[in-house]
$ cat final_21.cif   # mmCIF, C-alpha atoms and all ligand atoms
data_run
#
loop_
_atom_site.label_atom_id
_atom_site.label_comp_id
_atom_site.auth_asym_id
_atom_site.auth_seq_id
_atom_site.Cartn_x
_atom_site.Cartn_y
_atom_site.Cartn_z
CA MET A 17 0.00 0.00 0.00
CA ARG A 18 1.28 3.46 -0.91
CA ILE A 19 2.11 5.62 2.10
CA LYS A 20 1.21 9.19 1.24
CA LYS A 21 3.33 12.04 2.55
CA ASN A 22 0.86 14.75 1.64
CA ASN A 23 -2.06 13.06 3.30
CA LEU A 24 -3.57 16.26 4.63
CA ARG A 25 -6.95 17.57 3.66
CA VAL A 26 -6.60 20.55 1.38
CA ILE A 27 -7.93 23.00 3.92
CA GLU A 28 -5.22 21.98 6.40
CA ARG A 29 -2.54 22.48 3.73
CA LEU A 30 -3.97 25.92 2.91
CA ARG A 31 -4.11 26.93 6.56
CA ASN A 32 -0.61 25.66 7.36
CA THR A 33 1.31 26.95 4.36
CA LYS A 34 3.78 29.80 4.69
CA LYS A 35 4.42 30.03 0.95
CA THR A 36 2.10 30.12 -2.05
CA LEU A 37 1.13 26.59 -3.11
CA PHE A 38 0.79 25.37 -6.71
CA SER A 39 -2.28 23.44 -7.90
CA PHE A 40 -4.00 22.77 -11.19
CA GLU A 41 -7.19 21.54 -12.82
CA ILE A 42 -7.56 18.84 -15.45
CA LEU A 43 -10.56 17.47 -17.28
CA PRO A 44 -11.37 13.82 -17.95
CA PRO A 45 -10.41 12.65 -21.46
CA LEU A 46 -13.09 12.19 -24.08
CA LYS A 47 -14.83 8.81 -23.82
CA GLY A 48 -12.74 6.17 -25.56
CA LYS A 49 -9.37 7.78 -24.73
CA SER A 50 -7.03 6.13 -22.22
CA ILE A 51 -6.06 7.43 -18.79
CA GLN A 52 -2.48 7.75 -20.07
CA SER A 53 -3.44 11.20 -21.42
CA ILE A 54 -4.14 12.23 -17.82
CA TYR A 55 -0.76 10.99 -16.62
CA ASP A 56 0.95 12.69 -19.58
CA GLY A 57 -0.63 15.97 -18.45
CA ILE A 58 0.35 15.52 -14.79
CA ASP A 59 3.90 14.11 -15.11
CA PRO A 60 5.57 17.35 -16.29
CA LEU A 61 4.04 19.28 -13.35
CA ILE A 62 4.98 16.90 -10.54
CA GLU A 63 8.38 18.58 -10.05
CA PHE A 64 6.53 21.68 -8.75
CA SER A 65 5.06 19.64 -5.85
CA PRO A 66 1.41 20.42 -6.54
CA ALA A 67 -0.68 20.69 -3.40
CA PHE A 68 -3.64 19.13 -5.20
CA VAL A 69 -5.14 18.51 -8.61
CA ASN A 70 -8.80 19.13 -9.40
CA VAL A 71 -10.74 16.95 -11.81
CA THR A 72 -13.77 18.53 -13.47
CA TYR A 73 -17.19 16.91 -13.81
CA HIS A 74 -19.07 17.02 -17.11
CA ARG A 75 -22.81 16.60 -17.32
CA GLU A 76 -24.62 14.69 -19.97
CA GLU A 77 -25.42 16.33 -23.29
CA PHE A 78 -28.44 15.53 -25.39
CA ILE A 79 -28.10 14.57 -29.04
CA TYR A 80 -30.66 13.47 -31.62
CA LYS A 81 -30.05 10.20 -33.53
CA LYS A 82 -31.90 9.44 -36.75
CA ARG A 83 -33.81 6.17 -36.49
CA GLU A 84 -35.91 4.11 -38.93
CA LYS A 85 -38.67 5.94 -40.82
CA GLY A 86 -37.04 9.29 -40.02
CA TYR A 87 -37.78 9.23 -36.30
CA LEU A 88 -35.40 11.23 -34.16
CA GLU A 89 -34.40 9.71 -30.85
CA LYS A 90 -33.18 11.98 -28.04
CA ILE A 91 -30.16 10.40 -26.36
CA ALA A 92 -28.19 11.55 -23.33
CA ILE A 93 -24.45 11.04 -23.63
CA LYS A 94 -21.61 11.80 -21.27
CA LYS A 95 -18.61 12.73 -23.37
CA ARG A 96 -16.16 12.99 -20.48
CA PRO A 97 -17.07 10.47 -17.78
CA GLY A 98 -14.63 9.14 -15.18
CA THR A 99 -14.07 12.00 -12.68
CA VAL A 100 -14.06 9.76 -9.60
CA GLY A 101 -12.07 6.94 -11.23
CA ILE A 102 -9.44 9.45 -12.39
CA CYS A 103 -9.14 10.89 -8.87
CA ALA A 104 -8.66 7.43 -7.38
CA ALA A 105 -6.10 6.53 -10.08
CA ILE A 106 -4.14 9.78 -9.48
CA MET A 107 -4.08 9.23 -5.72
CA ASN A 108 -2.90 5.68 -6.25
CA LYS A 109 -0.14 6.63 -8.69
CA TYR A 110 1.19 9.90 -7.23
CA ASP A 111 1.72 11.38 -3.80
CA LEU A 112 -0.95 13.92 -4.67
CA GLU A 113 -4.42 14.82 -3.44
CA ALA A 114 -7.03 14.66 -6.21
CA ILE A 115 -10.22 16.67 -5.83
CA PRO A 116 -13.32 15.67 -7.74
CA HIS A 117 -15.78 18.37 -8.75
CA LEU A 118 -19.30 17.49 -7.62
CA ILE A 119 -22.26 19.21 -9.22
CA CYS A 120 -25.94 19.49 -8.32
CA GLY A 121 -27.25 19.19 -11.89
CA GLY A 122 -28.45 15.75 -12.94
CA PHE A 123 -28.29 14.17 -9.48
CA THR A 124 -30.89 13.41 -6.83
CA LYS A 125 -29.73 13.92 -3.25
CA GLU A 126 -29.61 10.18 -2.81
CA GLU A 127 -27.33 9.74 -5.84
CA THR A 128 -25.13 12.50 -4.43
CA GLU A 129 -24.99 10.76 -1.07
CA ASN A 130 -24.03 7.49 -2.74
CA ALA A 131 -21.28 9.26 -4.71
CA LEU A 132 -19.97 10.77 -1.46
CA ILE A 133 -19.96 7.32 0.14
CA ASP A 134 -17.88 6.00 -2.80
CA LEU A 135 -15.43 8.90 -2.40
CA ASN A 136 -15.19 8.30 1.33
CA PHE A 137 -14.45 4.59 0.83
CA LEU A 138 -11.78 5.48 -1.74
CA GLY A 139 -10.05 7.81 0.74
CA ILE A 140 -10.90 10.90 -1.31
CA ASP A 141 -11.77 13.46 1.35
CA ASN A 142 -11.68 16.70 -0.64
CA VAL A 143 -14.44 17.89 -2.95
CA LEU A 144 -15.28 21.06 -4.87
CA ALA A 145 -19.04 21.61 -4.50
CA LEU A 146 -20.69 23.30 -7.50
CA ARG A 147 -24.12 23.84 -8.93
CA GLY A 148 -23.16 23.26 -12.56
CA ASP A 149 -24.32 25.20 -15.61
CA PRO A 150 -27.64 24.75 -17.38
CA ILE A 151 -27.44 22.06 -20.06
CA LYS A 152 -27.47 23.34 -23.65
CA THR A 153 -31.19 22.67 -24.14
CA GLU A 154 -32.14 24.69 -20.99
CA THR A 155 -32.38 28.47 -20.78
CA HIS A 156 -31.76 28.37 -17.03
CA PHE A 157 -30.49 25.81 -14.54
CA VAL A 158 -33.11 23.20 -13.66
CA PRO A 159 -32.29 20.98 -10.68
CA GLU A 160 -33.02 17.27 -10.80
CA GLN A 161 -36.27 16.36 -9.05
CA GLY A 162 -35.19 15.56 -5.49
CA GLY A 163 -31.78 17.09 -6.17
CA ASN A 164 -29.91 20.14 -4.88
CA GLN A 165 -30.77 23.48 -6.43
CA TYR A 166 -27.76 25.59 -5.49
CA ALA A 167 -24.19 24.81 -4.50
CA VAL A 168 -25.08 25.92 -0.96
CA ASP A 169 -27.57 23.02 -0.75
CA LEU A 170 -24.86 20.59 -1.84
CA VAL A 171 -22.50 22.04 0.77
CA LYS A 172 -25.18 21.51 3.42
CA GLN A 173 -25.61 17.89 2.33
CA ILE A 174 -21.86 17.23 2.58
CA VAL A 175 -21.69 18.91 5.99
CA GLU A 176 -24.57 16.68 7.20
CA LEU A 177 -22.59 13.62 6.12
CA ASN A 178 -19.52 15.00 7.90
CA ASP A 179 -21.77 15.07 10.99
CA GLY A 180 -22.75 11.43 10.38
CA LYS A 181 -26.28 12.36 9.23
CA TYR A 182 -27.44 10.36 6.22
CA ILE A 183 -30.69 10.92 4.29
CA ASP A 184 -32.15 7.80 5.88
CA ASP A 185 -32.37 8.90 9.50
CA ASN A 186 -32.97 5.31 10.63
CA ILE A 187 -29.27 4.57 10.18
CA GLU A 188 -27.80 4.20 13.65
CA ASN A 189 -24.20 4.86 14.73
CA ALA A 190 -23.42 6.15 11.25
CA SER A 191 -19.76 6.83 10.43
CA PRO A 192 -19.16 10.53 9.79
CA THR A 193 -17.21 11.51 6.69
CA ASN A 194 -14.42 14.09 6.78
CA PHE A 195 -14.69 16.07 3.57
CA SER A 196 -12.82 19.31 3.07
CA ILE A 197 -15.15 21.41 0.92
CA GLY A 198 -14.20 24.00 -1.68
CA VAL A 199 -16.67 26.26 -3.52
CA ALA A 200 -16.54 28.56 -6.54
CA GLY A 201 -16.18 32.35 -6.37
CA TYR A 202 -16.34 34.92 -9.18
CA PRO A 203 -14.06 38.00 -9.10
CA GLU A 204 -16.11 39.41 -12.00
CA LYS A 205 -19.49 38.16 -10.62
CA HIS A 206 -21.45 35.06 -11.61
CA PHE A 207 -23.33 35.74 -14.83
CA GLU A 208 -26.79 35.18 -13.26
CA SER A 209 -26.21 37.45 -10.29
CA PRO A 210 -27.82 40.91 -10.34
CA ASN A 211 -24.69 42.54 -8.89
CA MET A 212 -21.42 41.83 -7.11
CA ARG A 213 -22.76 42.46 -3.61
CA ALA A 214 -25.62 40.01 -4.14
CA ASP A 215 -23.19 37.41 -5.50
CA ILE A 216 -20.86 37.78 -2.51
CA LYS A 217 -23.85 37.37 -0.17
CA ARG A 218 -24.57 34.03 -1.87
CA LEU A 219 -20.91 33.13 -1.59
CA LYS A 220 -21.02 33.88 2.13
CA ASP A 221 -24.05 31.59 2.43
CA LYS A 222 -21.86 28.75 1.11
CA ILE A 223 -19.14 29.51 3.66
CA ASP A 224 -21.63 29.88 6.50
CA ALA A 225 -23.07 26.50 5.47
CA GLY A 226 -19.64 24.97 6.10
CA ALA A 227 -17.47 25.32 2.98
CA HIS A 228 -13.80 25.64 3.88
CA TYR A 229 -12.24 27.58 1.02
CA ILE A 230 -12.96 29.32 -2.31
CA VAL A 231 -11.44 28.73 -5.76
CA THR A 232 -12.09 31.54 -8.21
CA GLN A 233 -13.16 31.63 -11.78
CA LEU A 234 -10.31 32.57 -14.12
CA PHE A 235 -9.51 36.28 -14.44
CA TYR A 236 -6.86 38.40 -16.18
CA ASP A 237 -6.93 41.57 -14.10
CA ASN A 238 -5.38 41.06 -10.68
CA ASN A 239 -6.96 44.29 -9.44
CA LYS A 240 -10.37 42.69 -9.87
CA PHE A 241 -9.23 39.72 -7.79
CA PHE A 242 -7.83 41.96 -5.05
CA ALA A 243 -11.07 44.00 -4.98
CA PHE A 244 -13.06 40.75 -4.80
CA VAL A 245 -10.97 39.50 -1.85
CA ASP A 246 -11.46 42.86 -0.08
CA ALA A 247 -15.22 42.70 -0.68
CA CYS A 248 -15.32 39.11 0.64
CA ARG A 249 -13.39 40.12 3.77
CA ASP A 250 -15.70 43.12 4.28
CA ALA A 251 -18.67 40.74 4.03
CA GLY A 252 -17.17 38.58 6.79
CA ILE A 253 -15.74 35.78 4.63
CA THR A 254 -12.50 34.72 6.30
CA VAL A 255 -11.63 31.45 4.52
CA PRO A 256 -8.69 31.06 2.07
CA ILE A 257 -9.42 32.38 -1.43
CA ILE A 258 -7.47 30.69 -4.23
CA PRO A 259 -7.09 32.63 -7.50
CA GLY A 260 -7.68 30.68 -10.73
CA ILE A 261 -5.37 31.45 -13.65
CA LYS A 262 -5.67 30.32 -17.24
CA PRO A 263 -3.02 31.35 -19.77
CA ILE A 264 -4.39 32.51 -23.12
CA GLU A 265 -2.97 30.11 -25.68
CA SER A 266 -4.68 30.74 -29.00
CA LEU A 267 -6.42 33.38 -31.11
CA ARG A 268 -9.69 31.50 -30.47
CA HIS A 269 -9.31 32.03 -26.71
CA VAL A 270 -9.36 35.80 -27.19
CA THR A 271 -13.03 35.75 -28.18
CA PHE A 272 -14.10 32.47 -26.56
CA LEU A 273 -12.94 33.05 -22.96
CA PRO A 274 -14.76 36.37 -22.33
CA LYS A 275 -17.99 34.96 -23.79
CA PHE A 276 -17.88 31.56 -22.14
CA PHE A 277 -16.70 32.68 -18.68
CA ASN A 278 -18.28 36.14 -18.56
CA ILE A 279 -15.00 37.89 -17.91
CA ASP A 280 -13.16 40.88 -19.39
CA LEU A 281 -9.66 41.00 -20.82
CA PRO A 282 -7.81 44.13 -19.65
CA PRO A 283 -6.99 46.69 -22.40
CA ASP A 284 -3.20 46.33 -21.82
CA LEU A 285 -3.56 42.63 -22.60
CA THR A 286 -5.76 43.09 -25.68
CA ASP A 287 -3.33 45.76 -26.98
CA GLU A 288 -0.57 43.14 -26.86
CA LEU A 289 -2.82 40.44 -28.34
CA ASP A 290 -3.80 42.75 -31.22
CA LYS A 291 -0.16 42.72 -32.35
CA CYS A 292 -0.12 38.91 -32.61
CA LYS A 293 -0.05 37.29 -36.04
CA SER A 294 -0.22 33.62 -35.04
CA ASN A 295 -1.24 31.27 -32.24
CA ASP A 296 2.43 31.05 -31.23
CA ASP A 297 2.54 34.84 -30.79
CA VAL A 298 -0.65 34.70 -28.71
CA LYS A 299 0.75 31.90 -26.58
CA ALA A 300 3.90 33.92 -25.87
CA VAL A 301 1.84 36.97 -24.81
CA GLY A 302 -0.58 34.80 -22.77
CA THR A 303 2.26 33.02 -20.98
CA ALA A 304 4.08 36.26 -20.16
CA TRP A 305 0.81 37.75 -18.85
CA ALA A 306 0.11 34.72 -16.63
CA ILE A 307 3.68 34.85 -15.27
CA GLN A 308 3.26 38.53 -14.42
CA GLN A 309 -0.13 37.84 -12.78
CA SER A 310 1.30 34.93 -10.79
CA LYS A 311 4.31 36.88 -9.54
CA GLU A 312 2.09 39.68 -8.27
CA LEU A 313 -0.34 37.25 -6.62
CA ILE A 314 2.56 35.53 -4.84
CA GLU A 315 3.92 38.91 -3.72
CA LYS A 316 0.53 39.66 -2.18
CA GLY A 317 0.68 36.34 -0.31
CA VAL A 318 -2.16 34.29 -1.84
CA PRO A 319 -2.25 30.80 -0.25
CA CYS A 320 -2.20 28.94 -3.57
CA ILE A 321 -2.50 29.60 -7.31
CA HIS A 322 -4.76 27.22 -9.21
CA TYR A 323 -4.00 26.81 -12.94
CA TYR A 324 -6.55 25.71 -15.49
CA THR A 325 -4.54 23.38 -17.75
CA MET A 326 -7.38 21.84 -19.80
CA GLY A 327 -5.16 18.76 -19.81
CA LYS A 328 -2.25 20.48 -21.60
CA SER A 329 0.64 21.12 -19.28
CA THR A 330 3.28 22.72 -21.53
CA THR A 331 2.31 26.35 -20.91
CA VAL A 332 1.57 25.88 -17.21
CA LYS A 333 4.97 24.20 -16.85
CA LYS A 334 6.63 27.30 -18.37
CA ILE A 335 4.73 29.52 -15.92
CA ALA A 336 5.52 27.30 -12.93
CA THR A 337 9.21 27.23 -13.91
CA ALA A 338 9.24 31.03 -13.91
CA VAL A 339 7.41 31.55 -10.62
CA PHE A 340 7.58 28.49 -8.31
C1 LIG A 401 -13.41 26.84 -9.86
C2 LIG A 401 -14.59 26.42 -10.70
C3 LIG A 401 -14.70 25.09 -11.11
C4 LIG A 401 -15.82 24.67 -11.88
N1 LIG A 401 -15.93 23.35 -12.26
C5 LIG A 401 -17.02 22.91 -12.92
C6 LIG A 401 -17.19 21.53 -13.26
O1 LIG A 401 -16.31 20.70 -13.01
N2 LIG A 401 -18.34 21.16 -13.89
C7 LIG A 401 -19.31 22.06 -14.19
O2 LIG A 401 -20.34 21.64 -14.75
N3 LIG A 401 -19.19 23.38 -13.89
C8 LIG A 401 -18.07 23.82 -13.27
N4 LIG A 401 -17.94 25.16 -12.96
C9 LIG A 401 -18.96 26.12 -13.42
C10 LIG A 401 -20.10 26.29 -12.41
O3 LIG A 401 -20.82 25.08 -12.27
C11 LIG A 401 -21.00 27.40 -12.96
O4 LIG A 401 -20.35 28.64 -12.89
C12 LIG A 401 -22.40 27.47 -12.38
O5 LIG A 401 -23.19 28.32 -13.21
C13 LIG A 401 -22.49 28.04 -10.97
O6 LIG A 401 -21.96 27.19 -10.06
P1 LIG A 401 -21.78 27.65 -8.53
O7 LIG A 401 -21.32 26.46 -7.79
O8 LIG A 401 -21.00 28.88 -8.45
O9 LIG A 401 -23.33 27.94 -8.17
P2 LIG A 401 -24.04 28.68 -6.97
O10 LIG A 401 -23.12 29.05 -5.88
O11 LIG A 401 -25.23 27.83 -6.64
O12 LIG A 401 -24.53 30.03 -7.66
C14 LIG A 401 -25.21 30.02 -8.90
C15 LIG A 401 -26.00 31.31 -9.06
O13 LIG A 401 -27.12 31.31 -8.19
C16 LIG A 401 -27.08 32.41 -7.29
N5 LIG A 401 -27.60 31.90 -6.03
C17 LIG A 401 -26.96 31.11 -5.14
N6 LIG A 401 -27.78 30.80 -4.12
C18 LIG A 401 -28.98 31.37 -4.40
C19 LIG A 401 -30.26 31.41 -3.74
N7 LIG A 401 -30.45 30.79 -2.59
N8 LIG A 401 -31.26 32.09 -4.34
C20 LIG A 401 -31.07 32.75 -5.51
N9 LIG A 401 -29.88 32.76 -6.15
C21 LIG A 401 -28.87 32.09 -5.62
C22 LIG A 401 -25.62 32.86 -7.27
O14 LIG A 401 -25.45 34.21 -6.93
C23 LIG A 401 -25.20 32.56 -8.69
O15 LIG A 401 -25.61 33.61 -9.56
C24 LIG A 401 -16.82 25.62 -12.23
C25 LIG A 401 -16.69 26.97 -11.83
C26 LIG A 401 -15.59 27.37 -11.09
C27 LIG A 401 -15.44 28.81 -10.68
#
$ encode --input "final_21.cif" --output "structure tokens"
Amino acid sequence: MRIKKNNLRVIERLRNTKKTLFSFEILPPLKGKSIQSIYDGIDPLIEFSPAFVNVTYHREEFIYKKREKGYLEKIAIKKRPGTVGICAAIMNKYDLEAIPHLICGGFTKEETENALIDLNFLGIDNVLALRGDPIKTETHFVPEQGGNQYAVDLVKQIVELNDGKYIDDNIENASPTNFSIGVAGYPEKHFESPNMRADIKRLKDKIDAGAHYIVTQLFYDNNKFFAFVDACRDAGITVPIIPGIKPIESLRHVTFLPKFFNIDLPPDLTDELDKCKSNDDVKAVGTAWAIQQSKELIEKGVPCIHYYTMGKSTTVKKIATAVF
């Protein structure tokens, strides 16, 4: 059996660290691809002693298949399954905590409880609790019948389990779980929120419900992150706040990222990007920008920087080499 050196829940590592930690996010490979692609993405980053790696969760998508006589059949498919299996495989292979993302969408509370029991049995005691986005065919998020509506409800469910309270209250002498719980925060506001103050109130609800730390949406203007942290502190949120950084790597990112994540690119960055003639030029500008962002965040003493790798580690390795 592998003896793990880093066997501390993430919140303990965040509380105990004197220097800025390094962590990153990966996504499960497309169905049909092997887990080797996950290892190939992690191996180059191991030398930076990551504090943890997050593994995203992807909901089902609906597609229409043509059947006999022209009938269309609506089919749900999961293109990127395997979040929990990948976490278990990572923890077995590396001395590294793996954090599965758990979402409300598509799950009843009972299915969520069963998933948490699986995680607990596997020794995975860190989770990032999220609501999830609406699926493509929905105009707004619709919870599963008997499921959690907001991330705060999911946090409450996990906290109940940490207190040994299962949905079936006839269970006696139930074993409590010991999950460390992260939640999402938005330095540029969640797209459904009417304003920043309202969004931070909702964020505080998640912390008051028992979440231990916050990981932010990606952003490119550190001043927005610092203002967000100040506003959180003013609202009475005292938990660690981990900035999320994603280097811009292609011309497509320049239009896709603001639209998809509801964020702005600062004018100084777009001025530089405007001069780029190729994806390689964009990558060089994006990497330099992320290095500059990271250095400033470390100077200001953030507990950890979380990099969105999308499974490709080359650029994040360059950044980590420059700053960690
Ligand atoms: C670090 C990070 C990782 C992510 N990973 C994934 C992933 O793996 N898979 C995935 O599908 N998505 C992921 N997402 C996206 C996330 O699921 C979406 O941004 C989603 O729209 C909101 O999730 P949330 O957990 O922030 O929701 P919530 O905290 O529930 O907030 C959602 C919205 O509802 C509002 N709200 C909250 N509570 C209430 C209430 N009681 N009444 C009214 N309004 C309320 C909030 O202000 C906000 O506008 C991630 C996001 C981040 C920042």
$ residues_near_ligand --input "final_21.cif" --ligand "ligand LIG 401 (chain A)" --cutoff "8 Å" --atoms "only C-alpha atoms and all ligand atoms" --output "count of residues only"
49
$ residues_around --input "final_21.cif" --residues "range 241-258 of chain A" --least-positions-apart "2" --cutoff "7 Å" --atoms "only C-alpha atoms" --output "NGL selection string"
:A and (203 or 216 or 220 or 228-232 or 237-239 or 260 or 318-322)
$ residues_around --input "final_21.cif" --residues "Lys90 in chain A" --least-positions-apart "5" --cutoff "7 Å" --atoms "only C-alpha atoms" --output "number ranges by chain"
A: 78-81
$ write_last_selection --input "final_21.cif" --atoms "C-alpha atoms" --output "short mmCIF file (atom, residue, chain, number, x, y, z; two decimals), keeping the file's coordinate frame"
data_model
loop_
_atom_site.label_atom_id
_atom_site.label_comp_id
_atom_site.auth_asym_id
_atom_site.auth_seq_id
_atom_site.Cartn_x
_atom_site.Cartn_y
_atom_site.Cartn_z
CA PHE A 78 -28.44 15.53 -25.39
CA ILE A 79 -28.10 14.57 -29.04
CA TYR A 80 -30.66 13.47 -31.62
CA LYS A 81 -30.05 10.20 -33.53
#
$ closest_residue --input "final_21.cif" --among "A:Lys275, A:Lys47, A:Lys262, A:Lys35" --to "Ala304 in chain A" --atoms "all atoms listed in the file"
A:Lys262
$ residues_around --input "final_21.cif" --residues "Ile93 in chain A" --least-positions-apart "2" --cutoff "7 Å" --atoms "all atoms listed in the file" --output "PyMOL selection string"
chain A and resi 76-78+91+95
$ atom_distance --input "final_21.cif" --atom1 "CA of Asn295 in chain A" --atom2 "CA of Thr331 in chain A"
12.9 Å
$ axis_aligned_box --input "final_21.cif" --around "range 105-119 of chain A" --padding-each-side "6 Å" --output "JSON"
{"center_x": -10.3, "center_y": 12.4, "center_z": -6.8, "size_x": 36.0, "size_y": 25.5, "size_z": 18.6}
$ atom_distance --input "final_21.cif" --atom1 "CA of Glu28 in chain A" --atom2 "CA of Asn178 in chain A"
16.0 Å
$ closest_residue --input "final_21.cif" --among "A:Thr124, A:Gln309, A:Tyr323, A:Tyr236" --to "Leu273 in chain A" --atoms "all atoms listed in the file"
A:Tyr236
$ residues_near_point --input "final_21.cif" --point "(-5.6, 19.3, -6.1)" --cutoff "9 Å" --atoms "all atoms listed in the file" --output "list in words"
Val26, Phe38, Ser39, Phe40, Glu41, Pro66, Ala67, Phe68, Val69, Asn70, Val71, Leu112, Glu113, Ala114, Ile115, Pro116, Asn142 and His322 of chain A
$ residues_near_point --input "final_21.cif" --point "(-9.4, 12.8, -17.5)" --cutoff "10 Å" --atoms "only C-alpha atoms" --output "list in words"
Ile42, Leu43, Pro44, Pro45, Leu46, Lys47, Lys49, Ser50, Ile51, Gln52, Ser53, Ile54, Tyr55, Gly57, Val71, Thr72, Tyr73, Arg96, Pro97, Gly98, Thr99, Val100, Gly101, Ile102, Cys103, Met326 and Gly327 of chain A
$ closest_residue --input "final_21.cif" --among "A:Leu61, A:Leu138, A:Ala131, A:Leu24" --to "Lys334 in chain A" --atoms "only C-alpha atoms"
A:Leu61
$ atom_distance --input "final_21.cif" --atom1 "CA of Lys152 in chain A" --atom2 "CA of Phe123 in chain A"
16.9 Å
$ residues_around --input "final_21.cif" --residues "Val301 in chain A" --least-positions-apart "6" --cutoff "12 Å" --atoms "only C-alpha atoms" --output "list in words"
Pro263, Ile264, Glu265, Ser266, Leu267, Val270, Asp284, Leu285, Thr286, Asp287, Glu288, Leu289, Asp290, Lys291, Cys292, Lys293, Ser294, Asn295, Ile307, Gln308, Thr331 and Ile335 of chain A
$ closest_residue --input "final_21.cif" --among "A:Asn108, A:Gln173, A:Thr153, A:Asn194" --to "Glu127 in chain A" --atoms "all atoms listed in the file"
A:Gln173
$ decode --input "final_21.cif" --residues "range 177-192 of chain A" --atoms "N, CA and C atoms" --output "PDB file, in the first residue's frame"
ATOM      1  N   LEU A 177     -23.291  14.911   6.146  1.00  0.00           N
ATOM      2  CA  LEU A 177     -22.589  13.622   6.117  1.00  0.00           C
ATOM      3  C   LEU A 177     -21.338  13.672   7.008  1.00  0.00           C
ATOM      4  N   ASN A 178     -20.683  14.834   7.000  1.00  0.00           N
ATOM      5  CA  ASN A 178     -19.523  15.004   7.901  1.00  0.00           C
ATOM      6  C   ASN A 178     -19.948  14.906   9.366  1.00  0.00           C
ATOM      7  N   ASP A 179     -21.232  15.204   9.615  1.00  0.00           N
ATOM      8  CA  ASP A 179     -21.765  15.070  10.989  1.00  0.00           C
ATOM      9  C   ASP A 179     -22.367  13.680  11.216  1.00  0.00           C
ATOM     10  N   GLY A 180     -22.215  12.809  10.232  1.00  0.00           N
ATOM     11  CA  GLY A 180     -22.749  11.434  10.379  1.00  0.00           C
ATOM     12  C   GLY A 180     -24.245  11.335  10.140  1.00  0.00           C
ATOM     13  N   LYS A 181     -24.832  12.382   9.482  1.00  0.00           N
ATOM     14  CA  LYS A 181     -26.284  12.356   9.228  1.00  0.00           C
ATOM     15  C   LYS A 181     -26.537  12.004   7.768  1.00  0.00           C
ATOM     16  N   TYR A 182     -27.122  10.819   7.574  1.00  0.00           N
ATOM     17  CA  TYR A 182     -27.444  10.358   6.222  1.00  0.00           C
ATOM     18  C   TYR A 182     -28.909  10.696   5.934  1.00  0.00           C
ATOM     19  N   ILE A 183     -29.304  10.578   4.634  1.00  0.00           N
ATOM     20  CA  ILE A 183     -30.688  10.922   4.288  1.00  0.00           C
ATOM     21  C   ILE A 183     -31.654  10.022   5.058  1.00  0.00           C
ATOM     22  N   ASP A 184     -31.328   8.746   5.120  1.00  0.00           N
ATOM     23  CA  ASP A 184     -32.145   7.796   5.882  1.00  0.00           C
ATOM     24  C   ASP A 184     -31.808   7.957   7.362  1.00  0.00           C
ATOM     25  N   ASP A 185     -32.710   8.626   8.100  1.00  0.00           N
ATOM     26  CA  ASP A 185     -32.369   8.901   9.501  1.00  0.00           C
ATOM     27  C   ASP A 185     -32.577   7.689  10.422  1.00  0.00           C
ATOM     28  N   ASN A 186     -32.894   6.529   9.803  1.00  0.00           N
ATOM     29  CA  ASN A 186     -32.971   5.310  10.628  1.00  0.00           C
ATOM     30  C   ASN A 186     -31.603   4.666  10.822  1.00  0.00           C
ATOM     31  N   ILE A 187     -30.601   5.176  10.053  1.00  0.00           N
ATOM     32  CA  ILE A 187     -29.265   4.569  10.182  1.00  0.00           C
ATOM     33  C   ILE A 187     -28.698   4.950  11.553  1.00  0.00           C
ATOM     34  N   GLU A 188     -28.316   3.922  12.306  1.00  0.00           N
ATOM     35  CA  GLU A 188     -27.796   4.203  13.654  1.00  0.00           C
ATOM     36  C   GLU A 188     -26.275   4.119  13.675  1.00  0.00           C
ATOM     37  N   ASN A 189     -25.670   4.838  14.571  1.00  0.00           N
ATOM     38  CA  ASN A 189     -24.197   4.863  14.725  1.00  0.00           C
ATOM     39  C   ASN A 189     -23.483   5.047  13.385  1.00  0.00           C
ATOM     40  N   ALA A 190     -23.992   5.951  12.589  1.00  0.00           N
ATOM     41  CA  ALA A 190     -23.418   6.146  11.248  1.00  0.00           C
ATOM     42  C   ALA A 190     -22.022   6.758  11.354  1.00  0.00           C
ATOM     43  N   SER A 191     -21.127   6.304  10.489  1.00  0.00           N
ATOM     44  CA  SER A 191     -19.763   6.833  10.428  1.00  0.00           C
ATOM     45  C   SER A 191     -19.786   8.214   9.800  1.00  0.00           C
ATOM     46  N   PRO A 192     -19.217   9.225  10.464  1.00  0.00           N
ATOM     47  CA  PRO A 192     -19.164  10.531   9.789  1.00  0.00           C
ATOM     48  C   PRO A 192     -18.081  10.532   8.712  1.00  0.00           C
TER      49      PRO A 192
END
